[in-house]
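Novice: I'm passing along structure03.csv; it holds CSV, C-alpha atoms.
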chain,number,residue,atom,x,y,z
A,1,MET,CA,-2.9,121.5,56.0
A,2,GLU,CA,-4.8,124.6,57.1
A,3,VAL,CA,-8.6,124.2,57.7
A,4,PRO,CA,-9.9,127.4,59.3
A,5,HIS,CA,-12.9,127.1,61.6
A,6,GLY,CA,-16.0,129.2,60.8
A,7,LEU,CA,-15.9,128.3,57.2
A,8,TRP,CA,-17.9,125.7,55.3
A,9,TYR,CA,-16.4,123.2,52.8
A,10,THR,CA,-17.3,121.1,49.7
A,11,LYS,CA,-16.0,117.7,48.7
A,12,GLU,CA,-14.5,119.4,45.7
A,13,HIS,CA,-12.3,121.5,48.1
A,14,GLU,CA,-14.0,124.9,47.9
A,15,TRP,CA,-14.5,127.0,51.1
A,16,VAL,CA,-17.2,129.5,51.8
A,17,LYS,CA,-17.6,132.2,54.5
A,18,ILE,CA,-21.3,133.0,55.0
A,19,GLU,CA,-22.3,136.4,56.4
A,20,GLY,CA,-26.0,137.0,56.3
A,21,ASN,CA,-27.0,136.3,52.7
A,22,ARG,CA,-23.5,137.0,51.3
A,23,ALA,CA,-21.0,134.3,50.8
A,24,THR,CA,-17.2,134.7,50.1
A,25,CYS,CA,-15.8,131.7,48.2
A,26,GLY,CA,-12.4,130.3,47.3
A,27,ILE,CA,-10.4,127.0,47.1
A,28,THR,CA,-8.8,125.3,50.1
A,29,ASP,CA,-5.2,124.9,51.1
A,30,TYR,CA,-5.5,121.2,50.2
A,31,ALA,CA,-6.7,122.1,46.6
A,32,GLN,CA,-3.9,124.6,46.0
A,33,HIS,CA,-1.3,122.1,47.2
A,34,ALA,CA,-2.7,119.4,44.9
A,35,LEU,CA,-2.6,121.8,41.9
A,36,GLY,CA,0.9,123.1,42.5
A,37,ASP,CA,2.0,126.5,41.2
A,38,ILE,CA,-1.1,128.4,40.0
A,39,THR,CA,-0.6,130.2,36.7
A,40,PHE,CA,-4.1,131.4,35.8
A,41,VAL,CA,-7.6,132.0,37.3
A,42,GLU,CA,-10.7,132.6,35.3
A,43,LEU,CA,-13.5,134.1,37.4
A,44,PRO,CA,-17.1,134.5,36.6
A,45,LYS,CA,-18.5,137.9,35.6
A,46,PRO,CA,-20.2,140.1,38.2
A,47,GLY,CA,-24.0,139.6,37.8
A,48,SER,CA,-23.7,136.0,36.7
A,49,VAL,CA,-25.8,133.4,38.4
A,50,CYS,CA,-24.3,130.2,39.8
A,51,GLY,CA,-25.9,127.0,41.1
A,52,GLN,CA,-24.7,125.0,44.1
A,53,PHE,CA,-22.0,122.5,43.1
A,54,LYS,CA,-22.0,123.8,39.5
A,55,GLN,CA,-18.8,125.0,37.8
A,56,PHE,CA,-18.3,128.7,38.0
A,57,ALA,CA,-14.5,129.3,37.7
A,58,VAL,CA,-11.3,127.7,36.4
A,59,VAL,CA,-7.9,127.4,37.9
A,60,GLU,CA,-4.8,126.5,35.8
A,61,SER,CA,-1.5,125.4,37.3
A,62,VAL,CA,1.7,123.9,36.0
A,63,LYS,CA,0.1,120.5,36.5
A,64,ALA,CA,-3.5,120.8,35.2
A,65,ALA,CA,-6.6,122.9,34.7
A,66,SER,CA,-9.3,122.4,37.3
A,67,ASP,CA,-12.9,123.5,37.5
A,68,VAL,CA,-14.1,125.4,40.6
A,69,TYR,CA,-17.6,124.7,41.8
A,70,ALA,CA,-19.9,127.2,43.6
A,71,PRO,CA,-20.5,126.1,47.2
A,72,LEU,CA,-23.9,127.9,47.2
A,73,SER,CA,-26.4,129.2,44.6
A,74,GLY,CA,-26.8,132.9,43.9
A,75,LYS,CA,-25.7,135.9,42.0
A,76,VAL,CA,-22.0,137.0,41.8
A,77,VAL,CA,-21.9,140.5,43.3
A,78,LYS,CA,-18.1,140.9,43.5
A,79,ILE,CA,-15.0,139.3,42.1
A,80,ASN,CA,-11.4,139.4,43.3
A,81,GLU,CA,-9.8,141.5,40.6
A,82,VAL,CA,-6.4,141.1,42.3
A,83,LEU,CA,-6.6,137.3,42.1
A,84,ALA,CA,-7.3,137.6,38.4
A,85,ARG,CA,-4.0,139.6,37.9
A,86,GLN,CA,-2.0,137.6,40.5
A,87,PRO,CA,-3.1,134.0,40.4
A,88,GLU,CA,-0.1,133.0,42.5
A,89,LEU,CA,-1.8,134.4,45.5
A,90,LEU,CA,-3.7,131.1,45.7
A,91,ASN,CA,-0.5,129.4,46.6
A,92,GLN,CA,0.4,132.0,49.2
A,93,SER,CA,-3.0,132.9,50.9
A,94,PRO,CA,-5.9,130.6,49.8
A,95,PHE,CA,-8.1,131.7,52.7
A,96,ASP,CA,-7.3,135.4,53.0
A,97,ARG,CA,-6.2,137.4,50.0
A,98,ALA,CA,-7.1,134.8,47.3
A,99,TRP,CA,-10.9,134.6,47.6
A,100,PHE,CA,-12.7,134.2,44.3
A,101,VAL,CA,-16.1,135.9,44.5
A,102,VAL,CA,-18.8,137.1,46.8
A,103,ILE,CA,-22.2,135.6,46.1
A,104,GLU,CA,-25.6,137.0,47.1
A,105,CYS,CA,-27.1,133.7,48.2
A,106,SER,CA,-30.5,132.7,46.8
A,107,ASP,CA,-31.0,129.9,49.4
A,108,THR,CA,-28.9,129.9,52.6
A,109,ALA,CA,-30.4,126.6,53.6
A,110,GLU,CA,-28.0,125.0,51.0
A,111,LYS,CA,-25.4,125.4,53.8
A,112,GLU,CA,-26.8,122.0,55.1
A,113,ASN,CA,-25.1,120.4,52.0
A,114,LEU,CA,-21.6,121.6,53.1
A,115,MET,CA,-19.1,120.3,55.7
A,116,ASP,CA,-17.8,122.2,58.8
A,117,ALA,CA,-14.1,122.4,59.4
A,118,ALA,CA,-14.0,119.1,61.5
A,119,ALA,CA,-15.9,117.1,58.9
A,120,TYR,CA,-13.8,118.5,56.0
A,121,ARG,CA,-10.5,117.7,57.9
A,122,ALA,CA,-11.8,114.1,58.4
A,123,TYR,CA,-12.8,113.9,54.7
A,124,VAL,CA,-9.4,115.0,53.5
A,125,GLU,CA,-7.6,112.6,55.9
A,126,GLY,CA,-9.8,109.9,54.5
A,127,LEU,CA,-8.6,110.7,51.0
A,128,ALA,CA,-4.9,110.2,52.0
A,129,ALA,CA,-5.7,106.7,53.5
Could you write out this structure as structure tokens?
Specialist:
Amino acid sequence: MEVPHGLWYTKEHEWVKIEGNRATCGITDYAQHALGDITFVELPKPGSVCGQFKQFAVVESVKAASDVYAPLSGKVVKINEVLARQPELLNQSPFDRAWFVVIECSDTAEKENLMDAAAYRAYVEGLAA
């Protein structure tokens, strides 16, 4: 299971890369493995506002539909149009090409509610026990 350093993680298996007041978000390798073959991704509209840990996207796979939760609060300033057309990218590249959105953060201090790579790896290992 891939858990890149320099990212922050949620207990719902989302990742976020924070650069200034902008945050790029997606789902983790663990999440895409658990879902299986991804068949559809519903992204929020640019300009929409999301709250930390509130549902903002949906992923459907051959196994189930799953809500995706915003790791940080803010306004969606960019969506990954390629992912909307090619949802299978989530299975191939969850951390690079298959990001969901870029959020302009309203409160970067919310990062304190997230896990770093080491804490997330330990969290996931605890789920398997």
Novice: With only C-alpha atoms as the atoms that count, which of A:Met1, A:Val77, A:Leu72, A:Cys105 lies nearest to Gly47 in chain A?
Specialist: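 Checking each candidate against Gly47 in chain A, we get A:Val77 as the closest.
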Novice: I need the residue nearest Pro44 in chain A from this list: A:Ala64, A:Val16, A:Leu83, A:Val58. Use all atoms listed in the file for the distance.
Specialist: A:Val58
Novice: Considering all atoms listed in the file, return as a PyMOL selection string whatever protein or nucleic-acid residues lie within 12 Å of Phe40 in chain A, sequence-local ones (same chain, fewer than 2 positions apart) excluded.
Specialist: chain A and resi 35-38+42-43+57-67+82-91
Novice: May I have the protein, DNA and RNA residues with any atom at most 12 Å from the point (-13.7, 117.2, 57.9), counting all atoms listed in the file, written as a PDB file with C-alpha atoms, in the frame of the given file?
Specialist:
ATOM      1  CA  MET A   1      -2.900 121.500  56.000  1.00  0.00           C
ATOM      2  CA  GLU A   2      -4.800 124.600  57.100  1.00  0.00           C
ATOM      3  CA  VAL A   3      -8.600 124.200  57.700  1.00  0.00           C
ATOM      4  CA  PRO A   4      -9.900 127.400  59.300  1.00  0.00           C
ATOM      5  CA  HIS A   5     -12.900 127.100  61.600  1.00  0.00           C
ATOM      6  CA  LEU A   7     -15.900 128.300  57.200  1.00  0.00           C
ATOM      7  CA  TRP A   8     -17.900 125.700  55.300  1.00  0.00           C
ATOM      8  CA  TYR A   9     -16.400 123.200  52.800  1.00  0.00           C
ATOM      9  CA  THR A  10     -17.300 121.100  49.700  1.00  0.00           C
ATOM     10  CA  LYS A  11     -16.000 117.700  48.700  1.00  0.00           C
ATOM     11  CA  HIS A  13     -12.300 121.500  48.100  1.00  0.00           C
ATOM     12  CA  TRP A  15     -14.500 127.000  51.100  1.00  0.00           C
ATOM     13  CA  TYR A  30      -5.500 121.200  50.200  1.00  0.00           C
ATOM     14  CA  LEU A 114     -21.600 121.600  53.100  1.00  0.00           C
ATOM     15  CA  MET A 115     -19.100 120.300  55.700  1.00  0.00           C
ATOM     16  CA  ASP A 116     -17.800 122.200  58.800  1.00  0.00           C
ATOM     17  CA  ALA A 117     -14.100 122.400  59.400  1.00  0.00           C
ATOM     18  CA  ALA A 118     -14.000 119.100  61.500  1.00  0.00           C
ATOM     19  CA  ALA A 119     -15.900 117.100  58.900  1.00  0.00           C
ATOM     20  CA  TYR A 120     -13.800 118.500  56.000  1.00  0.00           C
ATOM     21  CA  ARG A 121     -10.500 117.700  57.900  1.00  0.00           C
ATOM     22  CA  ALA A 122     -11.800 114.100  58.400  1.00  0.00           C
ATOM     23  CA  TYR A 123     -12.800 113.900  54.700  1.00  0.00           C
ATOM     24  CA  VAL A 124      -9.400 115.000  53.500  1.00  0.00           C
ATOM     25  CA  GLU A 125      -7.600 112.600  55.900  1.00  0.00           C
ATOM     26  CA  GLY A 126      -9.800 109.900  54.500  1.00  0.00           C
ATOM     27  CA  LEU A 127      -8.600 110.700  51.000  1.00  0.00           C
TER      28      LEU A 127
END
Novice: Have a look at A:Lys75, A:Ala98, A:Phe56, A:Asn113 and name the one nearest to Thr28 in chain A; count all atoms listed in the file.
Specialist: A:Ala98
Novice: Could you list, as an MDAnalysis selection string, every residue within 12 Å of Glu19 in chain A, counting all atoms listed in the file and ignoring same-chain residues fewer than 6 positions away?
Specialist: chainID A and resid 6:8 25 102:105 108 111
Novice: What is the CA of Pro94 in chain A to CA of Lys78 in chain A distance in Å?
Specialist: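 If I compute the distance from CA of Pro94 in chain A to CA of Lys78 in chain A, I get 17.2 Å.
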Novice: What does the distance between CA of Gln92 in chain A and CA of Thr39 in chain A come to in Å, to one decimal place?
Specialist: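 Between CA of Gln92 in chain A and CA of Thr39 in chain A the gap is 12.7 Å.
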Novice: How many Å separate CA of Ser106 in chain A from CA of Glu81 in chain A?
Specialist: 23.3 Å
Novice: My list of candidates is A:Gln32, A:Ser73, A:Asn21, A:Asn80. Which is closest to Lys54 in chain A when distances are computed with all atoms listed in the file?
Specialist: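 The shortest atom-to-atom distance to Lys54 in chain A comes from A:Ser73.
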Novice: When distances are computed from all atoms listed in the file, which of A:Ala70, A:Ser93, A:Val41, A:Asp29 shows the smallest separation from Gln55 in chain A?
Specialist: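 The closest residue to Gln55 in chain A is A:Ala70.
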